[in-house]
file protein.pdb (PDB, C-alpha atoms)
ATOM      1  CA  MET A   1       0.000   0.000   0.000
ATOM      2  CA  ARG A   2       2.789   2.453   0.765
ATOM      3  CA  PRO A   3       3.928   3.187  -2.828
ATOM      4  CA  ALA A   4       0.350   3.690  -4.072
ATOM      5  CA  CYS A   5      -0.427   6.020  -1.202
ATOM      6  CA  VAL A   6       2.772   8.022  -1.707
ATOM      7  CA  VAL A   7       1.758   8.627  -5.328
ATOM      8  CA  ALA A   8      -1.773   9.606  -4.302
ATOM      9  CA  GLY A   9      -0.432  12.046  -1.730
ATOM     10  CA  LYS A  10       2.024  13.655  -4.135
ATOM     11  CA  VAL A  11      -0.606  14.068  -6.850
ATOM     12  CA  LEU A  12      -3.029  15.662  -4.392
ATOM     13  CA  GLN A  13      -0.426  18.157  -3.186
ATOM     14  CA  GLU A  14       0.471  19.038  -6.775
ATOM     15  CA  ILE A  15      -3.191  19.623  -7.588
ATOM     16  CA  ALA A  16      -3.524  21.908  -4.569
ATOM     17  CA  GLY A  17      -0.648  23.974  -5.938
ATOM     18  CA  PHE A  18      -2.239  24.089  -9.407
ATOM     19  CA  ILE A  19      -5.582  25.495  -8.235
ATOM     20  CA  LYS A  20      -5.956  29.250  -8.695
ATOM     21  CA  PRO A  21      -8.607  31.744  -9.814
ATOM     22  CA  GLY A  22      -9.607  31.330 -13.471
ATOM     23  CA  VAL A  23      -8.713  27.648 -13.742
ATOM     24  CA  THR A  24     -11.606  25.362 -14.703
ATOM     25  CA  THR A  25     -12.387  22.183 -12.837
ATOM     26  CA  ARG A  26     -11.817  20.291 -16.091
ATOM     27  CA  GLN A  27      -8.307  21.722 -16.293
ATOM     28  CA  VAL A  28      -7.732  20.570 -12.719
ATOM     29  CA  ASP A  29      -8.918  17.078 -13.606
ATOM     30  CA  ASN A  30      -6.741  16.952 -16.731
ATOM     31  CA  PHE A  31      -3.728  18.121 -14.717
ATOM     32  CA  ALA A  32      -4.403  15.358 -12.197
ATOM     33  CA  ALA A  33      -4.513  12.739 -14.948
ATOM     34  CA  GLU A  34      -1.189  13.993 -16.326
ATOM     35  CA  ARG A  35       0.468  13.844 -12.913
ATOM     36  CA  MET A  36      -0.830  10.328 -12.243
ATOM     37  CA  ALA A  37       0.549   9.181 -15.582
ATOM     38  CA  ALA A  38       3.907  10.794 -14.794
ATOM     39  CA  TYR A  39       4.179   8.506 -11.748
ATOM     40  CA  GLY A  40       3.060   5.451 -13.695
ATOM     41  CA  ALA A  41      -0.324   5.370 -11.956
ATOM     42  CA  LYS A  42      -3.931   5.531 -13.103
ATOM     43  CA  SER A  43      -7.037   7.028 -11.588
ATOM     44  CA  ALA A  44      -8.920   4.603  -9.367
ATOM     45  CA  PHE A  45     -12.085   6.651  -9.892
ATOM     46  CA  ILE A  46     -12.635   6.927 -13.639
ATOM     47  CA  GLY A  47     -14.918   4.123 -14.768
ATOM     48  CA  TYR A  48     -15.662   3.059 -11.183
ATOM     49  CA  ARG A  49     -19.420   2.546 -11.205
ATOM     50  CA  LYS A  50     -19.241   4.519 -14.494
ATOM     51  CA  TYR A  51     -17.786   7.626 -12.823
ATOM     52  CA  PRO A  52     -16.615   9.854 -15.725
ATOM     53  CA  CYS A  53     -13.698  11.838 -14.216
ATOM     54  CA  HIS A  54     -10.183  11.200 -12.923
ATOM     55  CA  THR A  55     -10.809  13.028  -9.640
ATOM     56  CA  CYS A  56     -13.730  14.305  -7.592
ATOM     57  CA  ILE A  57     -13.762  18.130  -7.527
ATOM     58  CA  SER A  58     -16.417  19.676  -5.299
ATOM     59  CA  VAL A  59     -16.828  23.454  -5.001
ATOM     60  CA  ASN A  60     -18.378  25.403  -2.100
ATOM     61  CA  GLU A  61     -21.726  23.749  -1.250
ATOM     62  CA  GLU A  62     -20.731  20.592  -3.144
ATOM     63  CA  VAL A  63     -19.801  17.908  -0.620
ATOM     64  CA  VAL A  64     -18.266  15.055  -2.635
ATOM     65  CA  HIS A  65     -18.258  13.458  -6.111
ATOM     66  CA  GLY A  66     -18.310  16.754  -7.997
ATOM     67  CA  LEU A  67     -17.771  16.358 -11.750
ATOM     68  CA  ALA A  68     -15.096  18.232 -13.689
ATOM     69  CA  ASN A  69     -16.532  20.674 -16.233
ATOM     70  CA  GLU A  70     -16.004  24.170 -17.652
ATOM     71  CA  ARG A  71     -16.716  25.940 -14.362
ATOM     72  CA  GLU A  72     -14.063  28.538 -13.588
ATOM     73  CA  LEU A  73     -12.853  28.702 -10.020
ATOM     74  CA  ARG A  74     -13.170  32.137  -8.454
ATOM     75  CA  PHE A  75     -11.265  33.895  -5.703
ATOM     76  CA  GLY A  76     -12.897  32.951  -2.388
ATOM     77  CA  ASP A  77     -14.216  29.570  -3.504
ATOM     78  CA  ILE A  78     -13.278  26.539  -1.457
ATOM     79  CA  VAL A  79     -12.573  23.377  -3.436
ATOM     80  CA  SER A  80     -12.510  19.806  -2.166
ATOM     81  CA  VAL A  81     -10.374  17.488  -4.284
ATOM     82  CA  ASP A  82     -10.496  13.709  -3.801
ATOM     83  CA  VAL A  83      -7.706  11.700  -5.459
ATOM     84  CA  GLY A  84      -7.581   7.935  -5.719
ATOM     85  CA  VAL A  85      -4.842   6.186  -7.693
ATOM     86  CA  ARG A  86      -4.195   2.623  -8.702
ATOM     87  CA  TYR A  87      -0.501   1.750  -8.604
ATOM     88  CA  ASN A  88       1.020  -1.732  -8.759
ATOM     89  CA  GLY A  89      -2.307  -3.320  -7.899
ATOM     90  CA  PHE A  90      -3.087  -1.194  -4.831
ATOM     91  CA  ILE A  91      -5.180   1.888  -4.145
ATOM     92  CA  GLY A  92      -4.111   5.141  -2.498
ATOM     93  CA  ASP A  93      -6.974   7.452  -1.519
ATOM     94  CA  ASN A  94      -6.871  10.987  -0.056
ATOM     95  CA  ALA A  95      -8.602  14.342  -0.174
ATOM     96  CA  LEU A  96      -8.278  17.931   0.963
ATOM     97  CA  THR A  97     -10.079  21.246   0.722
ATOM     98  CA  VAL A  98      -8.289  24.413  -0.359
ATOM     99  CA  ALA A  99      -9.243  28.051  -0.783
ATOM    100  CA  VAL A 100      -8.941  29.565  -4.254
ATOM    101  CA  GLY A 101      -6.593  32.481  -3.656
ATOM    102  CA  GLY A 102      -8.079  33.133  -0.220
ATOM    103  CA  CYS A 103     -11.379  32.887   1.607
ATOM    104  CA  GLY A 104     -13.471  34.307   4.410
ATOM    105  CA  VAL A 105     -12.985  33.598   8.103
ATOM    106  CA  ALA A 106     -16.006  31.268   8.294
ATOM    107  CA  ALA A 107     -14.812  29.144   5.372
ATOM    108  CA  GLN A 108     -11.311  28.918   6.840
ATOM    109  CA  GLN A 109     -12.702  27.827  10.194
ATOM    110  CA  LEU A 110     -14.745  25.108   8.469
ATOM    111  CA  MET A 111     -11.635  23.794   6.713
ATOM    112  CA  ASP A 112      -9.524  23.962   9.884
ATOM    113  CA  VAL A 113     -12.101  22.097  11.963
ATOM    114  CA  THR A 114     -12.521  19.418   9.297
ATOM    115  CA  GLU A 115      -8.779  18.816   8.967
ATOM    116  CA  CYS A 116      -8.285  18.721  12.722
ATOM    117  CA  ALA A 117     -11.204  16.290  13.057
ATOM    118  CA  LEU A 118      -9.454  14.025  10.552
ATOM    119  CA  HIS A 119      -6.294  13.928  12.668
ATOM    120  CA  LEU A 120      -8.235  13.345  15.863
ATOM    121  CA  GLY A 121      -9.901  10.402  14.132
ATOM    122  CA  ILE A 122      -6.532   9.102  12.976
ATOM    123  CA  ALA A 123      -5.166   9.337  16.530
ATOM    124  CA  ALA A 124      -7.939   6.941  17.613
ATOM    125  CA  ALA A 125      -6.991   4.364  14.964
ATOM    126  CA  VAL A 126      -5.019   2.045  17.225
ATOM    127  CA  PRO A 127      -5.252  -1.715  17.844
ATOM    128  CA  GLY A 128      -7.908  -2.664  20.361
ATOM    129  CA  ASN A 129     -10.044   0.380  19.628
ATOM    130  CA  ARG A 130     -13.164   0.094  17.546
ATOM    131  CA  VAL A 131     -14.421   2.034  14.547
ATOM    132  CA  THR A 132     -16.737   3.951  16.877
ATOM    133  CA  ASP A 133     -13.701   5.390  18.652
ATOM    134  CA  ILE A 134     -12.683   7.040  15.378
ATOM    135  CA  SER A 135     -16.262   8.099  14.695
ATOM    136  CA  ARG A 136     -16.750   9.581  18.158
ATOM    137  CA  ALA A 137     -13.523  11.580  18.027
ATOM    138  CA  ILE A 138     -14.567  13.154  14.724
ATOM    139  CA  GLN A 139     -18.223  13.759  15.591
ATOM    140  CA  ASP A 140     -17.554  15.252  19.025
ATOM    141  CA  TYR A 141     -14.975  17.702  17.692
ATOM    142  CA  VAL A 142     -17.013  18.767  14.664
ATOM    143  CA  GLU A 143     -20.277  19.248  16.532
ATOM    144  CA  GLY A 144     -18.476  20.856  19.452
ATOM    145  CA  ASN A 145     -17.349  23.554  17.022
ATOM    146  CA  GLY A 146     -20.852  24.178  15.687
ATOM    147  CA  PHE A 147     -20.630  22.226  12.438
ATOM    148  CA  SER A 148     -22.275  18.982  11.283
ATOM    149  CA  VAL A 149     -21.067  15.684   9.829
ATOM    150  CA  VAL A 150     -22.591  14.132   6.724
ATOM    151  CA  ARG A 151     -24.380  10.841   7.405
ATOM    152  CA  GLU A 152     -24.913   9.440   3.910
ATOM    153  CA  PHE A 153     -21.237   8.965   3.031
ATOM    154  CA  VAL A 154     -18.516   7.419   5.191
ATOM    155  CA  GLY A 155     -14.886   6.329   5.252
ATOM    156  CA  HIS A 156     -13.932   2.759   4.410
ATOM    157  CA  GLY A 157     -11.332   0.085   4.198
ATOM    158  CA  VAL A 158      -9.081   0.375   1.158
ATOM    159  CA  GLY A 159      -6.516  -1.969  -0.381
ATOM    160  CA  ARG A 160      -6.674  -3.788  -3.692
ATOM    161  CA  THR A 161     -10.128  -2.307  -4.311
ATOM    162  CA  MET A 162     -11.548   1.129  -3.643
ATOM    163  CA  HIS A 163     -14.163   0.317  -1.035
ATOM    164  CA  GLU A 164     -13.523  -2.535   1.386
ATOM    165  CA  GLU A 165     -14.689  -3.351   4.888
ATOM    166  CA  PRO A 166     -14.904  -1.913   7.430
ATOM    167  CA  GLN A 167     -17.039   1.151   6.868
ATOM    168  CA  VAL A 168     -15.770   4.093   8.929
ATOM    169  CA  PRO A 169     -18.509   6.653   9.674
ATOM    170  CA  ASN A 170     -17.787  10.158  10.897
ATOM    171  CA  PHE A 171     -20.604   9.738  13.429
ATOM    172  CA  VAL A 172     -21.204   7.029  15.995
ATOM    173  CA  ASP A 173     -23.100   4.108  14.460
ATOM    174  CA  ARG A 174     -23.112   0.918  16.537
ATOM    175  CA  LYS A 175     -23.792  -1.147  13.402
ATOM    176  CA  MET A 176     -20.392  -0.114  12.011
ATOM    177  CA  ASN A 177     -18.180  -0.997  14.947
ATOM    178  CA  ASP A 178     -15.447  -3.389  13.828
ATOM    179  CA  ARG A 179     -12.473  -3.869  16.127
ATOM    180  CA  LEU A 180      -9.278  -2.337  14.743
ATOM    181  CA  ARG A 181      -6.314  -4.643  14.141
ATOM    182  CA  ALA A 182      -2.710  -4.030  13.158
ATOM    183  CA  GLY A 183      -2.264  -4.392   9.420
ATOM    184  CA  MET A 184      -5.610  -2.876   8.445
ATOM    185  CA  THR A 185      -5.577   0.032   5.988
ATOM    186  CA  ILE A 186      -8.530   2.393   6.178
ATOM    187  CA  ALA A 187      -9.546   5.678   4.579
ATOM    188  CA  ILE A 188     -10.691   8.143   7.228
ATOM    189  CA  GLU A 189     -12.535  11.066   5.642
ATOM    190  CA  PRO A 190     -14.685  13.553   7.541
ATOM    191  CA  MET A 191     -17.159  15.429   5.347
ATOM    192  CA  VAL A 192     -18.297  18.462   7.309
ATOM    193  CA  ASN A 193     -21.045  20.989   6.563
ATOM    194  CA  ALA A 194     -21.216  24.544   7.853
ATOM    195  CA  GLY A 195     -24.975  24.164   8.227
ATOM    196  CA  ARG A 196     -27.188  21.133   8.581
ATOM    197  CA  PRO A 197     -25.906  17.623   7.762
ATOM    198  CA  ASP A 198     -28.568  16.936   5.115
ATOM    199  CA  VAL A 199     -27.397  16.428   1.522
ATOM    200  CA  LYS A 200     -28.880  15.658  -1.880
ATOM    201  CA  ILE A 201     -27.582  14.376  -5.217
ATOM    202  CA  LEU A 202     -27.910  16.602  -8.283
ATOM    203  CA  LYS A 203     -29.474  15.525 -11.572
ATOM    204  CA  ASP A 204     -26.059  14.525 -12.945
ATOM    205  CA  GLY A 205     -26.367  11.485 -10.674
ATOM    206  CA  TRP A 206     -23.069  12.144  -8.911
ATOM    207  CA  THR A 207     -22.583  15.575  -7.364
ATOM    208  CA  VAL A 208     -23.576  15.640  -3.689
ATOM    209  CA  VAL A 209     -24.517  19.081  -2.304
ATOM    210  CA  THR A 210     -25.714  20.435   1.023
ATOM    211  CA  GLN A 211     -29.490  20.758   1.104
ATOM    212  CA  ASP A 212     -29.342  24.173   2.762
ATOM    213  CA  GLY A 213     -26.671  25.548   0.415
ATOM    214  CA  SER A 214     -24.077  25.874   3.165
ATOM    215  CA  LEU A 215     -20.365  25.321   2.553
ATOM    216  CA  SER A 216     -18.828  21.878   2.948
ATOM    217  CA  ALA A 217     -15.254  20.637   3.464
ATOM    218  CA  HIS A 218     -13.635  17.214   3.038
ATOM    219  CA  PHE A 219     -10.267  15.883   4.208
ATOM    220  CA  GLU A 220      -9.040  12.293   3.898
ATOM    221  CA  HIS A 221      -5.990  10.116   4.485
ATOM    222  CA  THR A 222      -5.323   6.435   4.005
ATOM    223  CA  VAL A 223      -4.047   5.135   7.335
ATOM    224  CA  LEU A 224      -2.222   1.959   8.318
ATOM    225  CA  ILE A 225      -3.040   0.598  11.749
ATOM    226  CA  THR A 226       0.188  -0.609  13.346
ATOM    227  CA  ASP A 227       1.144  -2.148  16.687
ATOM    228  CA  GLY A 228       1.834   1.411  17.853
ATOM    229  CA  GLU A 229       0.862   4.788  16.441
ATOM    230  CA  PRO A 230      -1.134   4.884  13.202
ATOM    231  CA  GLU A 231       0.880   5.530  10.040
ATOM    232  CA  ILE A 232      -0.528   8.071   7.584
ATOM    233  CA  LEU A 233       0.322   6.476   4.251
ATOM    234  CA  THR A 234      -0.858   9.368   2.059
ATOM    235  CA  TRP A 235       1.167  12.042   3.843
ATOM    236  CA  PRO A 236       4.046  12.932   1.524
ATOM    237  CA  GLU A 237       7.360  13.658   3.171
ATOM    238  CA  LYS A 238       7.914  17.311   4.098
ATOM    239  CA  THR A 239       4.239  18.298   3.929
ATOM    240  CA  PRO A 240       3.332  18.379   7.639
ATOM    241  CA  SER A 241      -0.061  19.750   8.656
ATOM    242  CA  ARG A 242      -0.105  22.530  11.196
ATOM    243  CA  LEU A 243      -3.292  20.927  12.493
ATOM    244  CA  LYS A 244      -1.930  17.456  13.181
ATOM    245  CA  ALA A 245      -3.189  16.191  16.513
ATOM    246  CA  ALA A 246      -0.391  15.580  19.014
TER
END

call {"tool": "encode", "arguments": {"input": "protein.pdb", "output": "structure tokens"}}
result
Amino acid sequence: MRPACVVAGKVLQEIAGFIKPGVTTRQVDNFAAERMAAYGAKSAFIGYRKYPCHTCISVNEEVVHGLANERELRFGDIVSVDVGVRYNGFIGDNALTVAVGGCGVAAQQLMDVTECALHLGIAAAVPGNRVTDISRAIQDYVEGNGFSVVREFVGHGVGRTMHEEPQVPNFVDRKMNDRLRAGMTIAIEPMVNAGRPDVKILKDGWTVVTQDGSLSAHFEHTVLITDGEPEILTWPEKTPSRLKAA
């Protein structure tokens, strides 16, 4: 898993650097495809359940699974980019949300809380804990800061295929409560709304948006559960987060 996740992490960071005002989401998606190819990888998304793009690019009130098109990104937008690559038979999966040039205080707080919730969830991914320990850490932090977690979409196991067991919700669900074991690789991915948690899918059949039109943010890492601290597989060297939980 490590090589695939390293590629996924590098591609995601390169995309984040490519995003700027005036760039279209299709240009972002094409850039992502070029960078994947440069590393000898392919998108794990395109063609998956007939998904038509190389990445998921979701803008402002779009939560996840946004489709690349001719939309130009504007200063002040926030953009969630989800990158999954297939490399040497394994999947690396990660996501982040970035501001286009800059953003307002409320949008920045939403992104900060979502990223910090991700790292609090990762810190709970240790042997002997259960999935609900991850879920509780994320939900408590998000809701404690006045935001809401999406219920319809969750994290998941990842390995040779995109979605494997166990499911990893960002809210406590006793039905999804597998015990964590060393050697498991899971994608932890809080999807956080500024308003209510309710979402809907647009007529394109893919793009998920907040029902109330509020902003949404999405951060994700693929994590290896070890005998000690969890290992973030999609965290490229020399790109530390200022929000990493101690």

call {"tool": "resolve_selection", "arguments": {"input": "protein.pdb", "expression": "the PyMOL selection byres ((chain A and resi 223) around 6)", "output": "compact mmCIF listing (two decimals) with C-alpha atoms, keeping the file's coordinate frame"}}
result
# COMPACT_ATOMS: atom_id res chain seq x y z
CA THR A 185 -5.58 0.03 5.99
CA ILE A 186 -8.53 2.39 6.18
CA THR A 222 -5.32 6.44 4.00
CA LEU A 224 -2.22 1.96 8.32
CA GLU A 231 0.88 5.53 10.04
CA ILE A 232 -0.53 8.07 7.58
CA LEU A 233 0.32 6.48 4.25

call {"tool": "resolve_selection", "arguments": {"input": "protein.pdb", "expression": "the PyMOL selection byres ((chain A and resi 110) around 8)", "output": "ChimeraX atom specification"}}
result
/A:106-109,111-114,147,192-194,216-217

call {"tool": "resolve_selection", "arguments": {"input": "protein.pdb", "expression": "the PyMOL selection byres ((chain A and resi 39) around 10)", "output": "CSV table (one decimal) with C-alpha atoms, in the frame of the given file"}}
result
chain,number,residue,atom,x,y,z
A,4,ALA,CA,0.4,3.7,-4.1
A,7,VAL,CA,1.8,8.6,-5.3
A,8,ALA,CA,-1.8,9.6,-4.3
A,10,LYS,CA,2.0,13.7,-4.1
A,11,VAL,CA,-0.6,14.1,-6.8
A,34,GLU,CA,-1.2,14.0,-16.3
A,35,ARG,CA,0.5,13.8,-12.9
A,36,MET,CA,-0.8,10.3,-12.2
A,37,ALA,CA,0.5,9.2,-15.6
A,38,ALA,CA,3.9,10.8,-14.8
A,40,GLY,CA,3.1,5.5,-13.7
A,41,ALA,CA,-0.3,5.4,-12.0
A,42,LYS,CA,-3.9,5.5,-13.1
A,87,TYR,CA,-0.5,1.8,-8.6

call {"tool": "residues_around", "arguments": {"input": "protein.pdb", "residues": "stretch 132-138 of chain A", "least_positions_apart": "3", "cutoff": "7 Å", "atoms": "all atoms listed in the file", "output": "MDAnalysis selection string"}}
result
chainID A and resid 117:118 120:122 124:125 129 141:142 169:173 177

call {"tool": "residues_around", "arguments": {"input": "protein.pdb", "residues": "stretch 150-156 of chain A", "least_positions_apart": "4", "cutoff": "7 Å", "atoms": "only C-alpha atoms", "output": "list in words"}}
result
His163, Glu164, Glu165, Pro166, Gln167, Val168, Pro169, Asn170, Ile186, Ala187, Ile188, Glu189, Met191, Val192, Pro197 and Asp198 of chain A

call {"tool": "atom_distance", "arguments": {"input": "protein.pdb", "atom1": "atom CA of A:Val6", "atom2": "atom CA of A:Trp235"}}
result
7.0 Å

call {"tool": "residues_around", "arguments": {"input": "protein.pdb", "residues": "A:Thr161", "least_positions_apart": "3", "cutoff": "9 Å", "atoms": "all atoms listed in the file", "output": "list in words"}}
result
Ala44, Arg86, Gly89, Phe90, Ile91, Gly157, Val158 and Glu164 of chain A

call {"tool": "closest_residue", "arguments": {"input": "protein.pdb", "among": "A:Gly144, A:Arg130, A:Glu115, A:Val209", "to": "A:Pro190", "atoms": "all atoms listed in the file"}}
result
A:Glu115

call {"tool": "residues_near_point", "arguments": {"input": "protein.pdb", "point": "(-13.7, 24.3, -1.4)", "cutoff": "12 Å", "atoms": "only C-alpha atoms", "output": "ChimeraX atom specification"}}
result
/A:16,19-20,25,56-64,66,73-82,95-104,107-108,110-111,114,191-194,214-219

call {"tool": "atom_distance", "arguments": {"input": "protein.pdb", "atom1": "atom CA of A:Glu220", "atom2": "atom CA of A:Gln13"}}
result
12.6 Å

call {"tool": "atom_distance", "arguments": {"input": "protein.pdb", "atom1": "atom CA of A:Gly22", "atom2": "atom CA of A:Glu72"}}
result
5.3 Å

call {"tool": "closest_residue", "arguments": {"input": "protein.pdb", "among": "A:Val23, A:Ile46, A:Met176, A:Ile15", "to": "A:Gly84", "atoms": "only C-alpha atoms"}}
result
A:Ile46
